[in-house]
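Okay, input_27.txt is below, compact mmCIF, C-alpha atoms:
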```txt
# COMPACT_ATOMS: atom_id res chain seq x y z
CA MET A 122 -95.31 139.90 268.58
CA GLN A 123 -96.71 143.41 268.34
CA ASN A 124 -99.99 144.08 266.58
CA ILE A 125 -100.38 146.71 263.87
CA PHE A 126 -103.66 147.99 262.48
CA LEU A 127 -103.32 148.95 258.80
CA VAL A 128 -106.03 150.85 256.92
CA GLU A 129 -105.15 151.15 253.23
CA ASP A 130 -107.53 150.93 250.26
CA ASP A 131 -104.88 150.31 247.58
CA LEU A 132 -104.97 146.51 247.32
CA ASN A 133 -101.52 146.11 245.78
CA PHE A 134 -99.78 148.51 248.15
CA GLY A 135 -101.68 147.21 251.17
CA SER A 136 -100.81 143.57 250.49
CA VAL A 137 -97.12 144.40 249.94
CA LEU A 138 -96.88 146.52 253.10
CA LYS A 139 -98.69 143.89 255.17
CA ALA A 140 -96.34 141.17 253.91
CA TYR A 141 -93.27 143.33 254.58
CA LEU A 142 -94.29 144.09 258.15
CA GLU A 143 -95.11 140.44 258.81
CA MET A 144 -91.67 139.47 257.48
CA ASN A 145 -90.30 141.74 260.20
CA ASP A 146 -92.20 139.96 262.98
CA TYR A 147 -95.29 142.13 263.30
CA TYR A 148 -98.83 140.80 263.29
CA VAL A 149 -100.90 142.94 260.90
CA VAL A 150 -104.65 143.34 260.60
CA TRP A 151 -105.33 145.05 257.27
CA VAL A 152 -108.62 146.73 256.36
CA ASN A 153 -109.13 148.16 252.87
CA ASP A 154 -112.53 149.73 253.56
CA GLY A 155 -112.56 152.77 255.81
CA ASN A 156 -116.17 152.14 256.80
CA LYS A 157 -115.15 148.85 258.43
CA ALA A 158 -112.07 150.24 260.19
CA LEU A 159 -113.58 151.29 263.50
CA ARG A 160 -115.44 148.01 264.02
CA GLU A 161 -112.23 146.08 263.36
CA PHE A 162 -110.30 148.31 265.77
CA LYS A 163 -112.87 147.76 268.53
CA ASP A 164 -112.70 143.98 268.09
CA ASN A 165 -108.92 143.73 268.50
CA SER A 166 -106.04 145.03 270.58
CA PHE A 167 -103.27 146.91 268.74
CA ASP A 168 -99.91 148.50 269.50
CA LEU A 169 -99.92 150.98 266.58
CA CYS A 170 -102.17 152.19 263.72
CA ILE A 171 -101.08 153.01 260.17
CA LEU A 172 -103.83 154.95 258.42
CA ASP A 173 -104.02 156.03 254.81
CA VAL A 174 -105.48 159.54 254.65
CA MET A 175 -107.28 159.29 251.30
CA LEU A 176 -109.94 156.59 251.48
CA PRO A 177 -113.29 156.15 249.73
CA ASN A 178 -116.40 157.06 251.80
CA THR A 179 -114.34 158.37 254.72
CA ASP A 180 -110.74 159.40 255.41
CA GLY A 181 -107.92 158.51 257.77
CA PHE A 182 -108.42 161.68 259.81
CA ALA A 183 -112.02 160.76 260.65
CA ILE A 184 -110.98 157.21 261.56
CA ALA A 185 -108.15 158.53 263.74
CA HIS A 186 -110.55 160.87 265.53
CA ASP A 187 -112.85 157.95 266.40
CA ILE A 188 -109.91 155.77 267.44
CA ARG A 189 -108.71 158.53 269.78
CA LEU A 190 -112.11 158.48 271.52
CA ILE A 191 -111.58 154.79 272.26
CA ASN A 192 -107.86 154.78 272.99
CA LYS A 193 -106.03 158.02 273.72
CA GLN A 194 -102.56 156.46 273.91
CA ILE A 195 -102.26 154.27 270.82
CA PRO A 196 -99.66 155.61 268.34
CA LEU A 197 -100.87 156.79 264.92
CA ILE A 198 -98.94 157.00 261.65
CA PHE A 199 -100.62 158.64 258.64
CA LEU A 200 -99.74 157.62 255.09
CA THR A 201 -100.62 159.96 252.26
CA ALA A 202 -99.84 160.99 248.72
CA LYS A 203 -100.60 164.58 249.75
CA SER A 204 -97.94 166.77 251.30
CA LEU A 205 -99.95 169.95 251.77
CA LYS A 206 -99.09 171.80 254.96
CA GLU A 207 -102.77 171.93 256.00
CA ASP A 208 -103.07 168.14 255.80
CA VAL A 209 -99.87 167.59 257.76
CA LEU A 210 -101.06 169.98 260.47
CA THR A 211 -104.45 168.26 260.60
CA GLY A 212 -102.73 164.94 261.20
CA TYR A 213 -100.60 166.27 264.02
CA LYS A 214 -103.54 168.09 265.63
CA ILE A 215 -105.39 164.79 265.83
CA GLY A 216 -102.38 163.33 267.61
CA ALA A 217 -100.27 161.72 264.89
CA ASP A 218 -96.90 160.32 265.92
CA ASP A 219 -95.69 160.61 262.32
CA TYR A 220 -96.92 161.67 258.88
CA ILE A 221 -95.30 159.87 255.94
CA THR A 222 -95.70 160.91 252.32
CA LYS A 223 -95.86 158.27 249.58
CA PRO A 224 -93.70 156.97 248.06
CA PHE A 225 -91.44 156.18 251.00
CA ASP A 226 -88.63 153.84 251.98
CA SER A 227 -90.10 150.75 253.68
CA GLU A 228 -87.02 150.37 255.87
CA VAL A 229 -87.41 153.93 257.14
CA LEU A 230 -91.06 153.20 258.00
CA LEU A 231 -89.96 150.06 259.85
CA TYR A 232 -87.52 151.98 262.03
CA LYS A 233 -90.11 154.67 262.71
CA ILE A 234 -92.55 151.98 263.86
CA LYS A 235 -89.93 150.44 266.16
CA ALA A 236 -89.02 153.81 267.66
CA ILE A 237 -92.64 154.87 268.21
CA ILE A 238 -93.70 151.58 269.81
CA ALA A 239 -90.60 151.58 272.03
CA ARG A 240 -91.33 155.15 273.18
CA ASN A 241 -94.99 154.37 273.81
CA THR A 242 -94.10 151.24 275.77
CA LYS A 243 -91.67 153.24 277.90
CA ASN A 244 -94.27 155.93 278.57
CA ASN A 245 -96.87 153.32 279.54
CA ALA A 246 -94.39 151.64 281.85
CA ALA A 247 -93.62 154.95 283.52
CA ALA A 248 -97.33 155.62 283.95
CA SER A 249 -97.85 152.18 285.48
CA HIS A 250 -95.49 153.12 288.33
CA ASN A 251 -98.08 155.60 289.57
CA THR A 252 -99.65 153.78 292.50
CA GLU A 253 -102.92 155.75 292.38
CA VAL A 254 -105.22 156.15 289.41
CA LYS A 255 -108.66 157.73 289.03
CA ILE A 256 -111.39 155.59 287.53
CA GLY A 257 -114.78 157.25 287.46
CA ILE A 258 -115.71 158.22 291.02
CA PHE A 259 -113.07 155.83 292.40
CA THR A 260 -109.41 156.16 293.32
CA PHE A 261 -107.56 152.88 292.88
CA ASN A 262 -104.31 152.38 294.80
CA TYR A 263 -102.57 149.33 293.38
CA GLU A 264 -99.83 149.21 296.01
CA LEU A 265 -102.29 149.28 298.94
CA ARG A 266 -104.90 147.27 297.00
CA THR A 267 -107.63 149.74 297.92
CA ILE A 268 -110.37 151.33 295.89
CA ASN A 269 -111.96 154.42 297.40
CA SER A 270 -115.15 156.25 296.50
CA PRO A 271 -116.43 159.43 298.18
CA ASN A 272 -118.37 157.29 300.67
CA SER A 273 -116.40 154.08 301.12
CA GLU A 274 -113.09 152.23 300.98
CA GLN A 275 -112.83 148.63 299.80
CA LYS A 276 -109.88 146.28 300.03
CA LEU A 277 -109.06 144.12 297.03
CA SER A 278 -107.35 140.75 296.98
CA PRO A 279 -103.96 140.56 295.23
CA LYS A 280 -105.47 138.98 292.11
CA GLU A 281 -108.38 141.42 292.05
CA ALA A 282 -105.90 144.31 292.17
CA ASP A 283 -103.74 142.75 289.44
CA LEU A 284 -106.76 142.19 287.21
CA LEU A 285 -108.11 145.70 287.72
CA LYS A 286 -104.67 147.14 286.94
CA LEU A 287 -104.57 145.25 283.62
CA LEU A 288 -108.11 146.35 282.74
CA ILE A 289 -107.28 150.00 283.49
CA ALA A 290 -104.14 149.80 281.35
CA LYS A 291 -106.36 148.65 278.46
CA THR A 292 -109.26 151.05 279.14
CA ASN A 293 -111.73 150.97 276.21
CA SER A 294 -109.59 148.31 274.51
CA ILE A 295 -109.74 144.54 274.82
CA LEU A 296 -107.81 142.72 277.52
CA SER A 297 -107.49 139.23 276.10
CA ARG A 298 -108.20 136.26 278.34
CA GLU A 299 -104.84 134.75 277.42
CA GLU A 300 -102.89 137.86 278.42
CA ALA A 301 -104.70 138.21 281.75
CA LEU A 302 -104.44 134.53 282.64
CA LYS A 303 -100.76 134.17 281.78
CA THR A 304 -99.83 137.47 283.45
CA ILE A 305 -101.69 136.84 286.72
CA TRP A 306 -102.14 133.06 286.98
CA GLY A 307 -99.23 131.92 284.81
CA ASP A 308 -101.49 129.51 282.92
CA ASP A 309 -104.64 129.60 280.80
CA ASN A 310 -106.24 126.25 281.57
CA TYR A 311 -109.92 125.61 282.31
CA PHE A 312 -109.63 126.11 286.07
CA THR A 313 -107.77 129.43 285.89
CA THR A 314 -110.29 130.65 283.30
CA ARG A 315 -113.19 129.90 285.66
CA SER A 316 -111.29 131.55 288.50
CA MET A 317 -110.79 134.73 286.46
CA ASP A 318 -114.51 134.87 285.67
CA VAL A 319 -115.20 134.88 289.41
CA PHE A 320 -112.81 137.80 289.92
CA ILE A 321 -114.40 139.73 287.04
CA THR A 322 -117.79 139.30 288.75
CA LYS A 323 -116.32 140.59 292.03
CA LEU A 324 -114.83 143.66 290.32
CA ARG A 325 -118.18 144.43 288.69
CA LYS A 326 -119.77 144.44 292.14
CA VAL A 327 -117.04 146.74 293.48
CA LEU A 328 -117.55 149.23 290.63
CA LYS A 329 -121.33 149.00 290.26
CA THR A 330 -122.06 152.23 292.17
CA ASP A 331 -120.61 154.22 289.25
CA THR A 332 -122.93 153.72 286.28
CA THR A 333 -120.38 155.21 283.86
CA ILE A 334 -118.11 152.19 284.38
CA GLU A 335 -118.71 148.83 282.76
CA ILE A 336 -116.63 145.66 282.39
CA GLU A 337 -117.86 144.25 279.10
CA ASN A 338 -117.47 140.60 278.15
CA ILE A 339 -116.15 140.33 274.57
CA HIS A 340 -117.22 136.85 273.50
CA GLY A 341 -114.32 134.67 272.50
CA SER A 342 -111.75 137.41 273.15
CA GLY A 343 -111.68 138.76 276.68
CA PHE A 344 -112.91 141.80 278.57
CA ARG A 345 -113.07 145.53 278.05
CA LEU A 346 -113.22 148.20 280.76
CA ILE A 347 -115.46 150.95 279.42
CA ILE A 348 -115.62 154.39 280.99
CA LYS A 349 -118.50 156.28 279.43
CA ILE A 350 -118.13 159.99 278.77
CA THR A 351 -120.91 162.00 280.37
CA THR A 352 -121.97 165.46 279.22
```
Translate the structure described by the file into structure tokens.
Amino acid sequence: MQNIFLVEDDLNFGSVLKAYLEMNDYYVVWVNDGNKALREFKDNSFDLCILDVMLPNTDGFAIAHDIRLINKQIPLIFLTAKSLKEDVLTGYKIGADDYITKPFDSEVLLYKIKAIIARNTKNNAAASHNTEVKIGIFTFNYELRTINSPNSEQKLSPKEADLLKLLIAKTNSILSREEALKTIWGDDNYFTTRSMDVFITKLRKVLKTDTTIEIENIHGSGFRLIIKITT
């Protein structure tokens, strides 16, 4: 089940849209207060965001800008009652995948969501075939299971490499314990959970020479690989 983040202040419209998407097998987190949107986004992992542009206190463009700082790849759809060219251009400049003017056909929105998520999944899969990826001062080669810095090369175990690959794929977003355990260990029992904690500790030691990198423990949820932006 794919997760959708919905920010919409109209209570009637928001509840109807949430129910419609859930009827079509999506899990929806709905926030009706723009000021709470970013905190909710940080605390969850989503496949797509639907953002109303006109919100009290803030607007969908500002929320999208902050979301893009956390996750550069997540698809964005803007909903608005305004169809001014300047607003449409603003949405696309931020990185919108689509800009939909109210009122709209719910079925059309559904097919847009499916197409956007499918395209994003395909792009992520293509990117995952790259065997080398830069992470801070390091170069991680998944195929060789090596992580190189300017002064050293370290060899990772198969599970360490698998876990680091999952964390990198979710950079600045949450990698849930369940996803990691079932992907790498095939089970999420007590013993595999303790084993994963050991591997997280080992990865922290491997990456500790770069102070811009942190593997954060999100209590009750999982882990988040944070790469801080330096100026």
Computed gap from CA of Ile347 (chain A) to CA of Asp173 (chain A) is 27.6 Å
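Using all atoms listed in the file, the nearest neighbour of Ile188 (chain A) within the list A:Leu176, A:Ile256, A:Leu230, A:Ala158 is A:Ala158.
Each of A:Met122, A:His186, A:Asp154, A:Ser278 was compared to Lys214 (chain A) using only C-alpha atoms, and A:His186 turns out to be the nearest.
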Discussion item. Just checking: using all atoms listed in the file, which residue out of A:Arg298, A:Arg240, A:Lys280, A:Lys291 ends up closest to Lys193 (chain A)?
Written reply: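 The shortest atom-to-atom distance to Lys193 (chain A) comes from A:Lys291.
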At most 9 Å is the cut-off: for each residue in region 205-280 of chain A with any atom that close to an atom of region 167-170 of chain A, write down the nearest atom pair and the distance in Å rounded to one decimal, counting all atoms listed in the file, chain first then increasing number, as CSV.
```
residue,atom,partner,partner_atom,distance
A:Ile234,CA,A:Leu169,CA,7.9
A:Ile237,CA,A:Leu169,CA,8.4
A:Ile238,CA,A:Asp168,CA,6.9
A:Asn241,CA,A:Asp168,CA,8.8
A:Thr242,CA,A:Asp168,CA,9.0
```
*Select all residues near (-106.6, 148.0, 251.6) (cut-off 10 Å, inclusive, file coordinates), counting only C-alpha atoms, and output them as a list in words.*
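Protein, DNA and RNA residues close to (-106.6, 148.0, 251.6): Leu127, Val128, Glu129, Asp130, Asp131, Leu132, Asn133, Phe134, Gly135, Ser136, Leu138, Lys139, Trp151, Val152, Asn153, Asp154, Gly155, Asp173 and Leu176 of chain A.
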Using all atoms listed in the file, the residue out of A:Ala290, A:Ala183, A:Leu277, A:Val319 with shortest distance to Ser166 (chain A) is A:Ala290
In terms of only C-alpha atoms, the residue from A:Ile184, A:Met317, A:Val254, A:Leu296 at minimal distance from Asn156 (chain A) is A:Ile184
Worksheet item: Counting all atoms listed in the file, which residues come within 12 Å of (-101.1, 140.3, 284.1), with the point read in the file's coordinates, and could you list them as a count of residues only?
Response: 28
query: Rounded to one decimal in Å, what is the spacing between CA of Gly216 (chain A) and CA of Lys255 (chain A)?
result: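 Atom-to-atom, CA of Gly216 (chain A) to CA of Lys255 (chain A), that is 23.0 Å.
Residues in contact with region 144-149 of chain A at 9 Å, where all atoms listed in the file are counted and same-chain residues fewer than 3 positions away are skipped, are listed as Met122, Gln123, Asn124, Ile125, Phe126, Leu127, Lys139, Ala140, Tyr141 and Leu231 of chain A.
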With C-alpha atoms retained, export the selected residues as a short mmCIF file (atom, residue, chain, number, x, y, z; two decimals), in the frame of the given file.
```cif
data_model
loop_
_atom_site.label_atom_id
_atom_site.label_comp_id
_atom_site.auth_asym_id
_atom_site.auth_seq_id
_atom_site.Cartn_x
_atom_site.Cartn_y
_atom_site.Cartn_z
CA MET A 122 -95.31 139.90 268.58
CA GLN A 123 -96.71 143.41 268.34
CA ASN A 124 -99.99 144.08 266.58
CA ILE A 125 -100.38 146.71 263.87
CA PHE A 126 -103.66 147.99 262.48
CA LEU A 127 -103.32 148.95 258.80
CA LYS A 139 -98.69 143.89 255.17
CA ALA A 140 -96.34 141.17 253.91
CA TYR A 141 -93.27 143.33 254.58
CA LEU A 231 -89.96 150.06 259.85
#
```
Please enclose the listed atoms of region 224-230 of chain A in an axis-aligned box, pad each side by 8 Å, and write out the centre and the three edge lengths in Å, rounded to one decimal, as AutoDock Vina command-line options.
```
--center_x -90.4 --center_y 153.7 --center_z 253.0 --size_x 22.7 --size_y 22.6 --size_z 25.9
```
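CA of Leu159 (chain A) lies 14.6 Å from CA of Val174 (chain A).
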I need region 199-342 of chain A from the structure I supplied, saved as a PDB file, in the first residue's frame with C-alpha atoms retained.
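That gives us part-v3.pdb:
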```pdb
ATOM      1  CA  PHE A 199      -0.682  20.993  -6.081  1.00  0.00           C
ATOM      2  CA  LEU A 200      -4.421  21.532  -5.698  1.00  0.00           C
ATOM      3  CA  THR A 201      -5.798  25.028  -6.090  1.00  0.00           C
ATOM      4  CA  ALA A 202      -8.846  27.090  -6.894  1.00  0.00           C
ATOM      5  CA  LYS A 203      -6.533  29.577  -8.619  1.00  0.00           C
ATOM      6  CA  SER A 204      -5.521  29.110 -12.231  1.00  0.00           C
ATOM      7  CA  LEU A 205      -3.335  32.185 -12.671  1.00  0.00           C
ATOM      8  CA  LYS A 206      -0.310  31.567 -14.870  1.00  0.00           C
ATOM      9  CA  GLU A 207       2.044  32.965 -12.197  1.00  0.00           C
ATOM     10  CA  ASP A 208       0.788  30.457  -9.622  1.00  0.00           C
ATOM     11  CA  VAL A 209       1.091  27.546 -12.025  1.00  0.00           C
ATOM     12  CA  LEU A 210       4.648  28.563 -12.902  1.00  0.00           C
ATOM     13  CA  THR A 211       5.531  28.919  -9.214  1.00  0.00           C
ATOM     14  CA  GLY A 212       4.337  25.376  -8.603  1.00  0.00           C
ATOM     15  CA  TYR A 213       6.389  23.930 -11.429  1.00  0.00           C
ATOM     16  CA  LYS A 214       9.483  25.924 -10.448  1.00  0.00           C
ATOM     17  CA  ILE A 215       9.334  24.340  -7.011  1.00  0.00           C
ATOM     18  CA  GLY A 216       9.257  20.950  -8.690  1.00  0.00           C
ATOM     19  CA  ALA A 217       5.580  20.050  -9.009  1.00  0.00           C
ATOM     20  CA  ASP A 218       4.735  16.888 -10.914  1.00  0.00           C
ATOM     21  CA  ASP A 219       1.243  18.229 -11.589  1.00  0.00           C
ATOM     22  CA  TYR A 220      -0.936  21.258 -10.857  1.00  0.00           C
ATOM     23  CA  ILE A 221      -4.674  20.576 -10.651  1.00  0.00           C
ATOM     24  CA  THR A 222      -7.342  23.265 -10.529  1.00  0.00           C
ATOM     25  CA  LYS A 223     -10.485  22.752  -8.444  1.00  0.00           C
ATOM     26  CA  PRO A 224     -13.042  21.474  -9.153  1.00  0.00           C
ATOM     27  CA  PHE A 225     -11.609  18.373 -10.804  1.00  0.00           C
ATOM     28  CA  ASP A 226     -12.580  14.824 -11.689  1.00  0.00           C
ATOM     29  CA  SER A 227     -11.508  12.485  -8.862  1.00  0.00           C
ATOM     30  CA  GLU A 228     -10.913   9.643 -11.308  1.00  0.00           C
ATOM     31  CA  VAL A 229      -8.542  11.811 -13.331  1.00  0.00           C
ATOM     32  CA  LEU A 230      -6.619  12.657 -10.141  1.00  0.00           C
ATOM     33  CA  LEU A 231      -6.430   8.954  -9.310  1.00  0.00           C
ATOM     34  CA  TYR A 232      -4.871   8.091 -12.665  1.00  0.00           C
ATOM     35  CA  LYS A 233      -2.440  10.993 -12.371  1.00  0.00           C
ATOM     36  CA  ILE A 234      -1.348   9.685  -8.963  1.00  0.00           C
ATOM     37  CA  LYS A 235      -0.848   6.174 -10.345  1.00  0.00           C
ATOM     38  CA  ALA A 236       1.170   7.444 -13.305  1.00  0.00           C
ATOM     39  CA  ILE A 237       3.365   9.733 -11.201  1.00  0.00           C
ATOM     40  CA  ILE A 238       4.127   7.091  -8.557  1.00  0.00           C
ATOM     41  CA  ALA A 239       4.866   4.497 -11.252  1.00  0.00           C
ATOM     42  CA  ARG A 240       7.267   6.896 -13.005  1.00  0.00           C
ATOM     43  CA  ASN A 241       8.972   7.827  -9.754  1.00  0.00           C
ATOM     44  CA  THR A 242       9.353   4.175  -8.773  1.00  0.00           C
ATOM     45  CA  LYS A 243      10.891   3.404 -12.159  1.00  0.00           C
ATOM     46  CA  ASN A 244      13.322   6.313 -11.857  1.00  0.00           C
ATOM     47  CA  ASN A 245      14.338   5.236  -8.350  1.00  0.00           C
ATOM     48  CA  ALA A 246      14.857   1.678  -9.550  1.00  0.00           C
ATOM     49  CA  ALA A 247      17.059   2.898 -12.381  1.00  0.00           C
ATOM     50  CA  ALA A 248      19.068   4.999  -9.950  1.00  0.00           C
ATOM     51  CA  SER A 249      19.509   2.030  -7.630  1.00  0.00           C
ATOM     52  CA  HIS A 250      21.374   0.177 -10.394  1.00  0.00           C
ATOM     53  CA  ASN A 251      24.229   2.654 -10.044  1.00  0.00           C
ATOM     54  CA  THR A 252      26.799   0.695  -8.073  1.00  0.00           C
ATOM     55  CA  GLU A 253      28.575   3.792  -6.709  1.00  0.00           C
ATOM     56  CA  VAL A 254      27.008   6.639  -4.791  1.00  0.00           C
ATOM     57  CA  LYS A 255      28.498   9.658  -3.020  1.00  0.00           C
ATOM     58  CA  ILE A 256      27.569  10.172   0.613  1.00  0.00           C
ATOM     59  CA  GLY A 257      29.334  13.082   2.259  1.00  0.00           C
ATOM     60  CA  ILE A 258      33.090  12.519   1.948  1.00  0.00           C
ATOM     61  CA  PHE A 259      32.518   8.825   1.178  1.00  0.00           C
ATOM     62  CA  THR A 260      32.014   6.823  -1.996  1.00  0.00           C
ATOM     63  CA  PHE A 261      29.890   3.749  -1.385  1.00  0.00           C
ATOM     64  CA  ASN A 262      30.142   0.861  -3.856  1.00  0.00           C
ATOM     65  CA  TYR A 263      27.286  -1.523  -3.179  1.00  0.00           C
ATOM     66  CA  GLU A 264      28.472  -4.226  -5.571  1.00  0.00           C
ATOM     67  CA  LEU A 265      31.985  -4.371  -4.058  1.00  0.00           C
ATOM     68  CA  ARG A 266      30.670  -3.613  -0.549  1.00  0.00           C
ATOM     69  CA  THR A 267      33.295  -0.927  -0.039  1.00  0.00           C
ATOM     70  CA  ILE A 268      33.090   2.558   1.386  1.00  0.00           C
ATOM     71  CA  ASN A 269      35.984   4.856   0.551  1.00  0.00           C
ATOM     72  CA  SER A 270      37.008   8.185   2.030  1.00  0.00           C
ATOM     73  CA  PRO A 271      39.954  10.309   0.883  1.00  0.00           C
ATOM     74  CA  ASN A 272      42.190   8.510   3.397  1.00  0.00           C
ATOM     75  CA  SER A 273      40.808   4.996   3.763  1.00  0.00           C
ATOM     76  CA  GLU A 274      38.834   2.100   2.327  1.00  0.00           C
ATOM     77  CA  GLN A 275      36.575  -0.072   4.469  1.00  0.00           C
ATOM     78  CA  LYS A 276      34.907  -3.347   3.578  1.00  0.00           C
ATOM     79  CA  LEU A 277      31.299  -3.869   4.625  1.00  0.00           C
ATOM     80  CA  SER A 278      29.541  -7.135   5.363  1.00  0.00           C
ATOM     81  CA  PRO A 279      26.656  -8.094   3.046  1.00  0.00           C
ATOM     82  CA  LYS A 280      24.037  -7.001   5.580  1.00  0.00           C
ATOM     83  CA  GLU A 281      25.868  -3.766   6.367  1.00  0.00           C
ATOM     84  CA  ALA A 282      25.930  -2.953   2.645  1.00  0.00           C
ATOM     85  CA  ASP A 283      22.236  -3.828   2.251  1.00  0.00           C
ATOM     86  CA  LEU A 284      21.288  -1.678   5.233  1.00  0.00           C
ATOM     87  CA  LEU A 285      23.365   1.292   4.075  1.00  0.00           C
ATOM     88  CA  LYS A 286      21.818   1.021   0.602  1.00  0.00           C
ATOM     89  CA  LEU A 287      18.295   1.198   2.098  1.00  0.00           C
ATOM     90  CA  LEU A 288      19.245   4.161   4.295  1.00  0.00           C
ATOM     91  CA  ILE A 289      20.728   6.037   1.326  1.00  0.00           C
ATOM     92  CA  ALA A 290      17.599   5.382  -0.745  1.00  0.00           C
ATOM     93  CA  LYS A 291      15.583   7.027   2.057  1.00  0.00           C
ATOM     94  CA  THR A 292      18.041   9.866   2.770  1.00  0.00           C
ATOM     95  CA  ASN A 293      16.424  12.430   5.111  1.00  0.00           C
ATOM     96  CA  SER A 294      13.284  10.274   5.272  1.00  0.00           C
ATOM     97  CA  ILE A 295      12.425   7.464   7.663  1.00  0.00           C
ATOM     98  CA  LEU A 296      13.454   3.890   6.928  1.00  0.00           C
ATOM     99  CA  SER A 297      10.995   1.883   8.989  1.00  0.00           C
ATOM    100  CA  ARG A 298      12.276  -1.003  11.088  1.00  0.00           C
ATOM    101  CA  GLU A 299       9.712  -3.306   9.501  1.00  0.00           C
ATOM    102  CA  GLU A 300      10.814  -2.488   5.948  1.00  0.00           C
ATOM    103  CA  ALA A 301      14.506  -2.945   6.734  1.00  0.00           C
ATOM    104  CA  LEU A 302      14.017  -6.179   8.671  1.00  0.00           C
ATOM    105  CA  LYS A 303      11.742  -7.829   6.123  1.00  0.00           C
ATOM    106  CA  THR A 304      13.880  -6.694   3.169  1.00  0.00           C
ATOM    107  CA  ILE A 305      17.232  -7.815   4.604  1.00  0.00           C
ATOM    108  CA  TRP A 306      16.439 -10.460   7.228  1.00  0.00           C
ATOM    109  CA  GLY A 307      13.073 -11.676   5.924  1.00  0.00           C
ATOM    110  CA  ASP A 308      11.546 -11.399   9.399  1.00  0.00           C
ATOM    111  CA  ASP A 309      10.949  -8.771  12.066  1.00  0.00           C
ATOM    112  CA  ASN A 310      11.179 -10.782  15.276  1.00  0.00           C
ATOM    113  CA  TYR A 311      13.029  -9.797  18.454  1.00  0.00           C
ATOM    114  CA  PHE A 312      16.338 -11.383  17.451  1.00  0.00           C
ATOM    115  CA  THR A 313      16.512  -9.801  13.992  1.00  0.00           C
ATOM    116  CA  THR A 314      15.616  -6.434  15.534  1.00  0.00           C
ATOM    117  CA  ARG A 315      18.543  -6.688  17.968  1.00  0.00           C
ATOM    118  CA  SER A 316      20.796  -7.788  15.113  1.00  0.00           C
ATOM    119  CA  MET A 317      19.838  -4.745  13.038  1.00  0.00           C
ATOM    120  CA  ASP A 318      20.628  -2.436  15.957  1.00  0.00           C
ATOM    121  CA  VAL A 319      24.144  -3.890  16.025  1.00  0.00           C
ATOM    122  CA  PHE A 320      24.583  -3.194  12.304  1.00  0.00           C
ATOM    123  CA  ILE A 321      23.307   0.374  12.727  1.00  0.00           C
ATOM    124  CA  THR A 322      25.956   0.907  15.422  1.00  0.00           C
ATOM    125  CA  LYS A 323      28.644  -0.456  13.078  1.00  0.00           C
ATOM    126  CA  LEU A 324      27.553   1.863  10.256  1.00  0.00           C
ATOM    127  CA  ARG A 325      27.670   4.852  12.599  1.00  0.00           C
ATOM    128  CA  LYS A 326      31.280   3.979  13.409  1.00  0.00           C
ATOM    129  CA  VAL A 327      32.117   3.660   9.704  1.00  0.00           C
ATOM    130  CA  LEU A 328      30.626   7.084   8.930  1.00  0.00           C
ATOM    131  CA  LYS A 329      31.684   8.958  12.069  1.00  0.00           C
ATOM    132  CA  THR A 330      34.644  10.744  10.423  1.00  0.00           C
ATOM    133  CA  ASP A 331      32.170  12.880   8.441  1.00  0.00           C
ATOM    134  CA  THR A 332      30.336  15.089  10.930  1.00  0.00           C
ATOM    135  CA  THR A 333      27.720  16.086   8.327  1.00  0.00           C
ATOM    136  CA  ILE A 334      26.351  12.518   8.334  1.00  0.00           C
ATOM    137  CA  GLU A 335      24.111  11.159  11.061  1.00  0.00           C
ATOM    138  CA  ILE A 336      21.995   8.020  11.418  1.00  0.00           C
ATOM    139  CA  GLU A 337      19.168   9.183  13.648  1.00  0.00           C
ATOM    140  CA  ASN A 338      17.048   6.798  15.698  1.00  0.00           C
ATOM    141  CA  ILE A 339      13.349   7.673  15.273  1.00  0.00           C
ATOM    142  CA  HIS A 340      11.737   6.195  18.374  1.00  0.00           C
ATOM    143  CA  GLY A 341       9.060   3.659  17.563  1.00  0.00           C
ATOM    144  CA  SER A 342       9.504   4.070  13.800  1.00  0.00           C
TER     145      SER A 342
END
```
